[in-house]
$ cat work-v1.txt   # compact mmCIF, C-alpha atoms
# COMPACT_ATOMS: atom_id res chain seq x y z
CA MET B 1 27.55 49.38 -11.19
CA GLU B 2 31.30 48.89 -10.64
CA ALA B 3 30.81 48.87 -6.89
CA GLY B 4 28.00 46.35 -7.22
CA ARG B 5 30.14 44.09 -9.36
CA ALA B 6 33.02 44.30 -6.90
CA MET B 7 30.69 43.42 -4.06
CA TRP B 8 29.29 40.47 -5.96
CA ARG B 9 32.84 39.28 -6.68
CA LYS B 10 33.68 39.56 -3.01
CA ALA B 11 30.58 37.63 -2.00
CA PHE B 12 31.34 34.96 -4.57
CA ALA B 13 34.94 34.70 -3.40
CA TRP B 14 33.71 34.25 0.17
CA LEU B 15 31.38 31.45 -0.89
CA ASP B 16 33.91 29.87 -3.25
CA GLU B 17 36.53 29.72 -0.52
CA ARG B 18 34.14 27.68 1.62
CA LEU B 19 32.19 25.68 -0.97
CA GLY B 20 34.80 25.23 -3.68
CA LEU B 21 32.39 26.35 -6.39
CA ASN B 22 35.11 26.93 -8.97
CA ASP B 23 36.56 23.48 -8.36
CA LEU B 24 33.11 21.95 -8.74
CA TYR B 25 32.58 23.82 -11.98
CA ARG B 26 35.96 22.76 -13.36
CA ASN B 27 35.52 19.13 -12.43
CA LEU B 28 31.84 18.69 -13.29
CA LEU B 29 31.19 20.94 -16.26
CA ASP B 30 34.56 21.99 -17.66
CA ARG B 31 36.04 18.53 -17.94
CA PRO B 32 37.57 17.39 -21.22
CA GLU B 33 35.25 15.57 -23.57
CA PRO B 34 35.96 13.39 -26.54
CA ARG B 35 35.00 14.84 -29.89
CA GLY B 36 31.28 15.64 -29.88
CA ASN B 37 28.93 12.91 -30.82
CA TRP B 38 25.17 12.94 -30.40
CA TRP B 39 25.14 9.34 -29.24
CA ASN B 40 27.15 10.48 -26.21
CA THR B 41 24.26 12.68 -25.02
CA LEU B 42 21.89 9.80 -24.22
CA GLY B 43 23.10 9.49 -20.64
CA SER B 44 22.40 13.17 -20.00
CA ALA B 45 19.04 12.73 -21.72
CA SER B 46 18.24 9.88 -19.33
CA LEU B 47 19.23 12.03 -16.36
CA PHE B 48 17.06 14.87 -17.65
CA LEU B 49 14.10 12.53 -18.03
CA PHE B 50 14.66 11.17 -14.52
CA ILE B 51 14.47 14.73 -13.16
CA VAL B 52 11.40 15.53 -15.24
CA GLN B 53 9.69 12.33 -14.07
CA GLY B 54 10.63 13.15 -10.49
CA LEU B 55 9.21 16.66 -10.65
CA THR B 56 5.99 15.76 -12.47
CA GLY B 57 5.62 12.74 -10.18
CA ILE B 58 5.90 14.90 -7.07
CA PHE B 59 3.25 17.18 -8.51
CA LEU B 60 0.94 14.25 -9.25
CA THR B 61 1.06 13.13 -5.63
CA VAL B 62 -0.55 16.43 -4.66
CA TYR B 63 -3.87 15.01 -5.95
CA TYR B 64 -3.37 11.29 -6.50
CA THR B 65 -4.71 8.88 -3.89
CA PRO B 66 -3.39 5.28 -3.83
CA SER B 67 -6.60 3.66 -2.67
CA PRO B 68 -8.87 1.42 -4.76
CA ASP B 69 -11.83 3.64 -3.92
CA HIS B 70 -10.28 6.87 -5.10
CA ALA B 71 -7.26 6.18 -7.34
CA TYR B 72 -9.27 6.25 -10.56
CA ASP B 73 -11.42 9.22 -9.49
CA SER B 74 -8.42 11.21 -8.31
CA ILE B 75 -6.76 10.79 -11.71
CA GLN B 76 -9.99 11.80 -13.46
CA PHE B 77 -9.90 14.88 -11.25
CA ILE B 78 -6.28 15.61 -12.20
CA MET B 79 -7.22 15.32 -15.88
CA GLU B 80 -10.38 17.42 -15.76
CA GLY B 81 -10.59 19.38 -12.53
CA VAL B 82 -7.10 20.81 -12.05
CA SER B 83 -5.49 23.48 -14.22
CA PHE B 84 -2.72 21.95 -16.33
CA GLY B 85 -3.34 18.57 -14.68
CA TRP B 86 -3.61 17.03 -18.15
CA LEU B 87 -0.20 18.51 -18.99
CA ILE B 88 1.58 17.25 -15.88
CA ARG B 89 0.13 13.78 -16.17
CA GLY B 90 0.73 13.81 -19.92
CA ILE B 91 4.41 14.64 -19.44
CA HIS B 92 4.74 11.95 -16.76
CA HIS B 93 2.95 9.39 -18.95
CA TRP B 94 4.91 10.02 -22.16
CA GLY B 95 8.11 10.77 -20.27
CA SER B 96 8.02 7.30 -18.75
CA THR B 97 7.84 5.63 -22.14
CA LEU B 98 10.54 7.89 -23.51
CA MET B 99 12.78 7.23 -20.51
CA VAL B 100 12.66 3.47 -21.02
CA VAL B 101 13.47 3.97 -24.71
CA ILE B 102 16.32 6.42 -24.06
CA VAL B 103 17.89 4.35 -21.29
CA PHE B 104 17.74 1.29 -23.53
CA VAL B 105 19.30 3.07 -26.50
CA HIS B 106 21.95 4.47 -24.14
CA MET B 107 22.79 0.90 -23.17
CA LEU B 108 22.99 -0.13 -26.84
CA ARG B 109 25.37 2.74 -27.57
CA VAL B 110 27.66 1.82 -24.70
CA PHE B 111 27.63 -1.77 -25.90
CA VAL B 112 28.28 -0.94 -29.54
CA THR B 113 31.13 1.46 -28.77
CA ALA B 114 32.57 -1.02 -26.23
CA SER B 115 32.59 1.69 -23.57
CA PHE B 116 31.94 -0.88 -20.86
CA LYS B 117 35.51 -2.16 -20.99
CA TYR B 118 38.31 -1.49 -18.48
CA PRO B 119 38.21 0.70 -16.40
CA ARG B 120 34.46 1.22 -16.77
CA GLU B 121 33.06 -2.22 -15.89
CA LEU B 122 31.42 -0.96 -12.71
CA THR B 123 29.81 1.93 -14.57
CA TRP B 124 28.25 -0.67 -16.87
CA ILE B 125 27.05 -2.84 -13.98
CA LEU B 126 25.48 0.17 -12.28
CA GLY B 127 23.93 1.02 -15.64
CA VAL B 128 22.34 -2.43 -15.78
CA GLY B 129 20.89 -1.75 -12.33
CA LEU B 130 19.61 1.61 -13.55
CA LEU B 131 17.93 -0.02 -16.54
CA LEU B 132 16.24 -2.59 -14.31
CA ALA B 133 15.11 0.07 -11.81
CA THR B 134 13.74 2.13 -14.71
CA LEU B 135 11.76 -0.87 -15.93
CA GLY B 136 10.58 -1.36 -12.34
CA MET B 137 9.35 2.23 -12.30
CA GLY B 138 7.40 1.54 -15.49
CA PHE B 139 5.93 -1.65 -14.07
CA THR B 140 4.85 -0.16 -10.72
CA GLY B 141 3.60 3.09 -12.25
CA TYR B 142 1.41 1.21 -14.71
CA LEU B 143 -0.86 -0.06 -11.92
CA LEU B 144 -1.47 3.31 -10.29
CA PRO B 145 -4.31 4.55 -12.57
CA TRP B 146 -6.26 1.51 -11.30
CA ASN B 147 -8.24 1.07 -14.49
CA GLN B 148 -8.98 -2.22 -16.23
CA ARG B 149 -5.79 -2.18 -18.25
CA ALA B 150 -3.66 -1.42 -15.19
CA TYR B 151 -5.37 -4.11 -13.14
CA TRP B 152 -5.00 -6.88 -15.69
CA ALA B 153 -1.51 -5.88 -16.77
CA THR B 154 -0.40 -6.19 -13.16
CA THR B 155 -2.30 -9.45 -12.74
CA VAL B 156 -0.42 -10.90 -15.70
CA GLY B 157 2.89 -9.26 -14.79
CA THR B 158 2.89 -10.64 -11.27
CA GLN B 159 1.86 -14.06 -12.60
CA ILE B 160 4.88 -14.06 -14.89
CA ALA B 161 7.07 -13.25 -11.88
CA GLY B 162 5.28 -16.10 -10.13
CA SER B 163 6.34 -18.62 -12.75
CA VAL B 164 9.88 -18.77 -11.30
CA PRO B 165 10.60 -22.36 -10.15
CA TYR B 166 10.31 -23.10 -6.40
CA VAL B 167 10.14 -19.49 -5.15
CA GLY B 168 7.62 -18.23 -7.73
CA ASP B 169 4.65 -18.41 -5.39
CA LEU B 170 6.49 -16.44 -2.74
CA ILE B 171 7.55 -13.79 -5.27
CA LEU B 172 3.97 -13.47 -6.52
CA LYS B 173 2.61 -13.03 -3.01
CA ALA B 174 5.38 -10.60 -2.06
CA LEU B 175 4.67 -8.45 -5.11
CA ARG B 176 0.91 -8.48 -4.57
CA GLY B 177 1.02 -8.26 -0.79
CA GLY B 178 -1.05 -11.44 -0.66
CA PRO B 179 -2.44 -14.04 -3.05
CA ASP B 180 -4.74 -11.56 -4.82
CA LEU B 181 -4.42 -8.15 -6.39
CA SER B 182 -5.86 -5.85 -3.76
CA ALA B 183 -5.60 -2.52 -1.98
CA LEU B 184 -2.34 -3.82 -0.54
CA THR B 185 -0.94 -4.30 -4.05
CA LEU B 186 -1.84 -0.76 -5.05
CA GLN B 187 -0.36 0.65 -1.86
CA ARG B 188 2.95 -1.23 -2.12
CA PHE B 189 3.30 -0.46 -5.82
CA PHE B 190 2.75 3.20 -4.97
CA SER B 191 5.37 3.01 -2.21
CA ALA B 192 7.84 1.32 -4.55
CA HIS B 193 7.06 3.80 -7.30
CA ILE B 194 7.52 7.00 -5.30
CA TRP B 195 10.01 6.02 -2.57
CA MET B 196 11.98 2.82 -2.98
CA LEU B 197 12.77 2.77 -6.70
CA PRO B 198 13.39 6.53 -7.03
CA GLY B 199 15.69 6.37 -4.00
CA LEU B 200 17.53 3.43 -5.51
CA LEU B 201 17.71 5.21 -8.87
CA ALA B 202 19.02 8.44 -7.33
CA GLY B 203 21.73 6.58 -5.43
CA MET B 204 22.84 4.57 -8.44
CA ILE B 205 22.75 7.66 -10.66
CA GLY B 206 25.05 9.39 -8.19
CA ALA B 207 27.54 6.53 -8.27
CA HIS B 208 27.22 6.20 -12.06
CA LEU B 209 27.98 9.91 -12.51
CA TYR B 210 30.88 9.78 -10.07
CA LEU B 211 32.47 6.99 -12.10
CA ILE B 212 31.91 8.85 -15.36
CA ILE B 213 33.60 11.96 -13.95
CA ARG B 214 36.40 9.88 -12.47
CA HIS B 215 37.21 8.01 -15.68
CA GLY B 216 36.13 10.63 -18.19
CA GLU B 217 34.06 9.71 -21.16
CA SER B 218 35.35 7.01 -23.42
CA HIS B 219 36.61 7.91 -26.85
CA PHE B 220 34.63 6.85 -29.82
CA PRO B 221 36.46 3.85 -31.26
CA SER B 222 38.47 4.71 -34.36
CA LYS B 223 39.17 2.45 -37.31
CA ALA B 224 42.43 1.44 -35.69
CA ASP B 225 40.55 0.08 -32.66
CA MET R 1 37.68 42.62 -31.79
CA SER R 2 35.58 45.79 -31.59
CA ASP R 3 33.21 46.56 -28.73
CA HIS R 4 30.12 46.12 -30.89
CA GLU R 5 30.86 42.62 -31.88
CA VAL R 6 29.42 39.85 -29.77
CA ASN R 7 31.69 36.89 -29.40
CA ARG R 8 30.38 33.38 -29.50
CA ARG R 9 30.72 32.77 -25.77
CA ASP R 10 28.63 35.83 -24.87
CA PHE R 11 26.06 35.03 -27.54
CA ILE R 12 25.60 31.53 -26.11
CA LYS R 13 25.34 32.94 -22.58
CA VAL R 14 22.68 35.49 -23.51
CA THR R 15 20.70 33.04 -25.66
CA THR R 16 20.82 30.44 -22.93
CA GLY R 17 19.53 33.02 -20.46
CA ILE R 18 16.63 34.09 -22.66
CA VAL R 19 15.60 30.59 -23.68
CA GLY R 20 16.00 29.44 -20.09
CA GLY R 21 13.77 32.25 -18.92
CA LEU R 22 11.08 31.34 -21.44
CA ILE R 23 11.26 27.70 -20.46
CA GLY R 24 11.12 28.70 -16.80
CA ALA R 25 7.94 30.70 -17.40
CA ALA R 26 6.44 27.91 -19.50
CA ILE R 27 7.04 25.49 -16.64
CA GLY R 28 6.50 27.81 -13.70
CA ILE R 29 3.09 29.17 -14.65
CA PRO R 30 1.42 25.75 -15.16
CA ALA R 31 3.16 24.44 -12.05
CA VAL R 32 1.86 27.19 -9.79
CA SER R 33 -1.65 27.14 -11.22
CA TYR R 34 -1.71 23.35 -10.83
CA LEU R 35 -0.92 23.69 -7.15
CA ILE R 36 -3.37 26.45 -6.36
CA ALA R 37 -6.20 25.33 -8.70
CA PRO R 38 -8.61 24.16 -5.96
CA SER R 39 -8.30 27.45 -4.10
CA LEU R 40 -9.44 29.39 -7.17
CA ARG R 41 -12.68 27.47 -7.57
CA GLU R 42 -15.99 29.08 -6.67
CA ALA R 43 -17.33 27.69 -3.44
CA GLY R 44 -20.79 27.41 -4.97
CA LYS R 45 -22.42 27.11 -1.58
CA GLU R 46 -24.98 29.86 -2.01
CA ALA R 47 -28.33 29.09 -3.60
CA TRP R 48 -32.03 29.79 -3.47
CA ILE R 49 -33.72 26.69 -2.10
CA PRO R 50 -37.44 26.07 -2.72
CA ILE R 51 -39.04 24.80 0.47
CA GLY R 52 -42.73 24.52 -0.41
CA LYS R 53 -45.90 26.20 -1.67
CA LEU R 54 -46.92 29.18 0.38
CA GLU R 55 -50.60 28.12 0.14
CA ASP R 56 -49.75 24.83 1.90
CA MET R 57 -48.48 26.65 4.95
CA GLU R 58 -51.15 27.26 7.58
CA ILE R 59 -50.97 30.57 9.32
CA GLY R 60 -49.66 30.21 12.85
CA LYS R 61 -48.51 26.62 12.41
CA PRO R 62 -44.85 25.72 11.72
CA TYR R 63 -44.37 24.10 8.33
CA GLN R 64 -41.52 21.60 8.34
CA PHE R 65 -39.14 21.42 5.37
CA SER R 66 -35.84 19.78 4.61
CA PHE R 67 -33.31 19.83 1.80
CA THR R 68 -29.93 18.35 0.94
CA ARG R 69 -26.84 20.18 -0.23
CA VAL R 70 -24.11 18.35 -2.10
CA GLN R 71 -20.58 19.66 -1.80
CA VAL R 72 -17.99 18.40 -4.29
CA ASN R 73 -14.35 18.58 -3.22
CA GLY R 74 -12.12 17.06 -5.84
CA TRP R 75 -13.38 13.50 -6.29
CA GLU R 76 -15.30 13.49 -3.05
CA ARG R 77 -19.01 14.32 -2.80
CA THR R 78 -20.42 15.17 0.58
CA ALA R 79 -24.16 15.45 1.06
CA THR R 80 -25.42 17.33 4.08
CA SER R 81 -29.03 17.49 5.19
CA HIS R 82 -30.59 20.69 6.38
CA GLY R 83 -34.04 21.43 7.67
CA GLY R 84 -36.20 24.01 9.26
CA PHE R 85 -39.63 25.37 9.96
CA ALA R 86 -41.48 28.13 8.17
CA LEU R 87 -44.04 29.95 10.27
CA ARG R 88 -46.53 32.36 8.71
CA ASN R 89 -47.58 35.01 11.15
CA SER R 90 -50.29 36.57 8.95
CA GLU R 91 -51.76 36.57 5.43
CA ASP R 92 -48.93 38.82 4.36
CA ALA R 93 -46.59 36.73 2.25
CA GLN R 94 -43.60 38.56 3.70
CA ASP R 95 -44.66 38.14 7.31
CA LEU R 96 -42.66 34.97 7.79
CA LEU R 97 -40.36 33.46 10.37
CA ILE R 98 -38.10 30.74 8.99
CA LEU R 99 -36.10 28.84 11.57
CA ASN R 100 -33.24 26.41 11.15
CA SER R 101 -34.17 23.16 12.88
CA GLN R 102 -30.60 22.60 14.03
CA CYS R 103 -30.42 22.96 17.78
CA THR R 104 -27.96 25.69 18.78
CA HIS R 105 -26.62 23.51 21.58
CA LEU R 106 -25.07 20.48 19.85
CA ALA R 107 -26.73 20.51 16.43
CA CYS R 108 -29.39 17.85 16.92
CA THR R 109 -32.60 18.38 14.97
CA VAL R 110 -35.46 19.92 16.93
CA ASN R 111 -39.11 18.92 16.36
CA TRP R 112 -42.29 20.91 16.72
CA ASN R 113 -44.41 19.59 19.54
CA GLU R 114 -48.07 20.57 19.21
CA GLU R 115 -49.00 19.92 22.86
CA ALA R 116 -46.10 21.89 24.28
CA ALA R 117 -46.45 24.46 21.50
CA ALA R 118 -42.67 24.49 21.39
CA TYR R 119 -39.69 23.06 19.54
CA LEU R 120 -38.18 20.22 21.55
CA CYS R 121 -34.73 18.81 21.09
CA PRO R 122 -34.49 15.04 21.67
CA CYS R 123 -30.88 15.15 22.77
CA HIS R 124 -30.77 17.32 25.88
CA ASP R 125 -34.38 18.41 26.42
CA ALA R 126 -33.87 21.87 24.99
CA LYS R 127 -37.08 23.81 24.46
CA PHE R 128 -37.61 26.70 22.06
CA SER R 129 -40.70 28.85 21.59
CA ALA R 130 -42.51 29.12 18.25
CA GLN R 131 -40.42 32.24 17.68
CA GLY R 132 -37.23 30.29 18.34
CA GLU R 133 -36.46 31.77 21.76
CA VAL R 134 -34.84 29.50 24.34
CA LEU R 135 -37.43 28.44 26.93
CA ASP R 136 -35.50 25.71 28.70
CA GLY R 137 -32.36 23.63 28.49
CA PRO R 138 -28.72 24.18 27.59
CA PRO R 139 -28.81 26.07 24.24
CA PRO R 140 -26.68 29.22 24.31
CA ARG R 141 -28.80 31.20 21.85
CA PRO R 142 -32.14 31.16 19.99
CA LEU R 143 -32.63 28.99 16.90
CA ASP R 144 -30.92 30.37 13.81
CA ARG R 145 -33.06 32.01 11.17
CA PHE R 146 -33.07 32.04 7.40
CA THR R 147 -33.54 35.77 7.04
CA GLU R 148 -33.56 36.05 3.25
CA HIS R 149 -36.58 34.57 1.53
CA ARG R 150 -38.78 35.25 -1.47
CA VAL R 151 -41.95 33.94 -3.06
CA THR R 152 -41.77 33.02 -6.73
CA GLU R 153 -44.54 33.74 -9.26
CA ASP R 154 -46.12 30.33 -8.86
CA GLY R 155 -46.31 30.78 -5.08
CA THR R 156 -43.27 28.76 -4.02
CA LEU R 157 -41.42 29.97 -0.96
CA GLU R 158 -37.64 30.01 -1.44
CA ILE R 159 -34.95 30.65 1.12
CA PHE R 160 -31.43 31.87 0.50
CA PHE R 161 -28.86 29.37 1.67
CA SER R 162 -25.26 30.44 2.15
CA ALA R 163 -22.17 28.72 3.50
CA ALA R 164 -22.95 29.86 7.03
CA GLY R 165 -26.29 28.06 6.76
CA SER R 166 -28.31 30.89 8.19
CA GLU R 167 -27.94 34.26 9.69
CA GLY R 168 -29.35 34.39 13.16

$ encode --input "work-v1.txt" --output "structure tokens"
Amino acid sequence: MEAGRAMWRKAFAWLDERLGLNDLYRNLLDRPEPRGNWWNTLGSASLFLFIVQGLTGIFLTVYYTPSPDHAYDSIQFIMEGVSFGWLIRGIHHWGSTLMVVIVFVHMLRVFVTASFKYPRELTWILGVGLLLATLGMGFTGYLLPWNQRAYWATTVGTQIAGSVPYVGDLILKALRGGPDLSALTLQRFFSAHIWMLPGLLAGMIGAHLYLIIRHGESHFPSKAD
Amino acid sequence: MSDHEVNRRDFIKVTTGIVGGLIGAAIGIPAVSYLIAPSLREAGKEAWIPIGKLEDMEIGKPYQFSFTRVQVNGWERTATSHGGFALRNSEDAQDLLILNSQCTHLACTVNWNEEAAAYLCPCHDAKFSAQGEVLDGPPPRPLDRFTEHRVTEDGTLEIFFSAAGSEG
């Protein structure tokens, strides 16, 4: 027992010397926090939901097929033919709604407590990007079931984007991959939903977290403020 | 502090470990079964296939039959056609030779030719005897046979179909 513990300590010391695990721990998890407040946990909640959505999303791609012929059937199969398919899709479905809500409330909190002020302006701007990318995830994911609701929601959604003066028509065609909603639309929404937007989100989350660790969390404003 | 007391830090550590383990199991078990679900399904390829009334089959003359098997993989249904010839050698209901009409060369469908008294393959002029032996052409082996068969109470001949198609 003692010998085992000593060996483990030695192995850890070897790794720590090379990876700086203790430094990481001190800087990432042991950093000073302002007095606890539940409203300050919304960012972590958003991060958690992003990870959950990522994992359930990866699992869904095991069976989902982004083609007009099979998208609907493949989701029916996930719901009825695969063990716990209903659970994984259910978590992804409800998690997406919850993520939009949580990210939005997180933004409200930062606004209300004025946490976006110097030196955290860039954290706020990245946060705006994160909110928009999250909404983009919701928009692109909504089409993937390829049912009537998905089809018409995307028809209307892309038309709204198309109402922009001068460049609206181009935006509409770029979103749809042509003038009409088609297999190309489904394919590019799928690509955006599983590669482009998640990649963008992950990168921005990384920068957002770096800034939070760099500046520390803002104090809750007191009466004097 | 005495040795028996648990301080708050240790309590949190242990509780986190236990709860984390439970959550891990609650996530891990569905995750693994989700991934391996299709491999746990029964293949469902074996079945008794009715091919016709025994009384309709003339003794000494091949009786042609065909049937379709539908295989469902996920959301995809694949139908495959199969066929063969049942040949009664005598009045005995068990004295039967049931051949698969798929040519053993490149899987074309062979036909019974009355004049030649042989099964002819349209693709590469293969020729099989009424017993399925190779008489001419490129096939590497005799026609496959459906070896398991039975006659139901109402006189219907059924063959046993398995994934391999037939045992020759």

$ atom_distance --input "work-v1.txt" --atom1 "atom CA of Tyr34 of chain R" --atom2 "atom CA of Ile91 of chain B"
13.7 Å

$ interface_residues --input "work-v1.txt" --of "chain R" --to "chain B" --cutoff "9 Å" --atoms "all atoms listed in the file" --output "PDB file with C-alpha atoms, in the coordinates of the input"
ATOM      1  CA  PRO R  30       1.420  25.750 -15.160  1.00  0.00           C
ATOM      2  CA  ALA R  31       3.160  24.440 -12.050  1.00  0.00           C
ATOM      3  CA  SER R  33      -1.650  27.140 -11.220  1.00  0.00           C
ATOM      4  CA  TYR R  34      -1.710  23.350 -10.830  1.00  0.00           C
ATOM      5  CA  LEU R  35      -0.920  23.690  -7.150  1.00  0.00           C
ATOM      6  CA  ILE R  36      -3.370  26.450  -6.360  1.00  0.00           C
ATOM      7  CA  ALA R  37      -6.200  25.330  -8.700  1.00  0.00           C
ATOM      8  CA  PRO R  38      -8.610  24.160  -5.960  1.00  0.00           C
ATOM      9  CA  GLY R  74     -12.120  17.060  -5.840  1.00  0.00           C
ATOM     10  CA  TRP R  75     -13.380  13.500  -6.290  1.00  0.00           C
ATOM     11  CA  GLU R  76     -15.300  13.490  -3.050  1.00  0.00           C
TER      12      GLU R  76
END

$ atom_distance --input "work-v1.txt" --atom1 "atom CA of Leu175 of chain B" --atom2 "atom CA of Ile160 of chain B"
11.3 Å

$ residues_around --input "work-v1.txt" --residues "Lys127 of chain R" --least-positions-apart "4" --cutoff "12 Å" --atoms "only C-alpha atoms" --output "ChimeraX atom specification"
/R:101,103-105,109-113,116-123,131-143

$ axis_aligned_box --input "work-v1.txt" --around "segment 123-127 of chain B" --padding-each-side "8 Å" --output "lines of an AutoDock Vina configuration file"
center_x = 26.9
center_y = -0.5
center_z = -14.6
size_x = 21.9
size_y = 20.8
size_z = 20.6

$ residues_around --input "work-v1.txt" --residues "His149 of chain R" --least-positions-apart "3" --cutoff "12 Å" --atoms "only C-alpha atoms" --output "MDAnalysis selection string"
chainID R and resid 47:52 54 86 93:99 145:146 152 156:161 166:167

$ atom_distance --input "work-v1.txt" --atom1 "atom CA of Ile194 of chain B" --atom2 "atom CA of Arg214 of chain B"
29.9 Å

$ residues_around --input "work-v1.txt" --residues "Asp169 of chain B" --least-positions-apart "6" --cutoff "10 Å" --atoms "all atoms listed in the file" --output "ChimeraX atom specification"
/B:158-159,161-163,175,179

$ residues_around --input "work-v1.txt" --residues "Thr97 of chain B" --least-positions-apart "2" --cutoff "12 Å" --atoms "all atoms listed in the file" --output "list in words"
Ser46, Leu49, Phe50, Gln53, Gly90, Ile91, His92, His93, Trp94, Gly95, Met99, Val100, Val101, Ile102, Val103, Phe104, Thr134, Leu135, Met137, Gly138, Phe139, Gly141 and Tyr142 of chain B

$ write_last_selection --input "work-v1.txt" --atoms "C-alpha atoms" --output "CSV table (one decimal), in the frame of the given file"
chain,number,residue,atom,x,y,z
B,46,SER,CA,18.2,9.9,-19.3
B,49,LEU,CA,14.1,12.5,-18.0
B,50,PHE,CA,14.7,11.2,-14.5
B,53,GLN,CA,9.7,12.3,-14.1
B,90,GLY,CA,0.7,13.8,-19.9
B,91,ILE,CA,4.4,14.6,-19.4
B,92,HIS,CA,4.7,12.0,-16.8
B,93,HIS,CA,3.0,9.4,-19.0
B,94,TRP,CA,4.9,10.0,-22.2
B,95,GLY,CA,8.1,10.8,-20.3
B,99,MET,CA,12.8,7.2,-20.5
B,100,VAL,CA,12.7,3.5,-21.0
B,101,VAL,CA,13.5,4.0,-24.7
B,102,ILE,CA,16.3,6.4,-24.1
B,103,VAL,CA,17.9,4.4,-21.3
B,104,PHE,CA,17.7,1.3,-23.5
B,134,THR,CA,13.7,2.1,-14.7
B,135,LEU,CA,11.8,-0.9,-15.9
B,137,MET,CA,9.4,2.2,-12.3
B,138,GLY,CA,7.4,1.5,-15.5
B,139,PHE,CA,5.9,-1.6,-14.1
B,141,GLY,CA,3.6,3.1,-12.2
B,142,TYR,CA,1.4,1.2,-14.7

$ residues_near_point --input "work-v1.txt" --point "(-6.6, 1.9, -9.8)" --cutoff "10 Å" --atoms "only C-alpha atoms" --output "list of chain:residue names"
B:Thr65, B:Pro66, B:Ser67, B:Pro68, B:Asp69, B:His70, B:Ala71, B:Tyr72, B:Asp73, B:Ser74, B:Ile75, B:Tyr142, B:Leu143, B:Leu144, B:Pro145, B:Trp146, B:Asn147, B:Gln148, B:Arg149, B:Ala150, B:Tyr151, B:Ser182, B:Ala183, B:Leu186
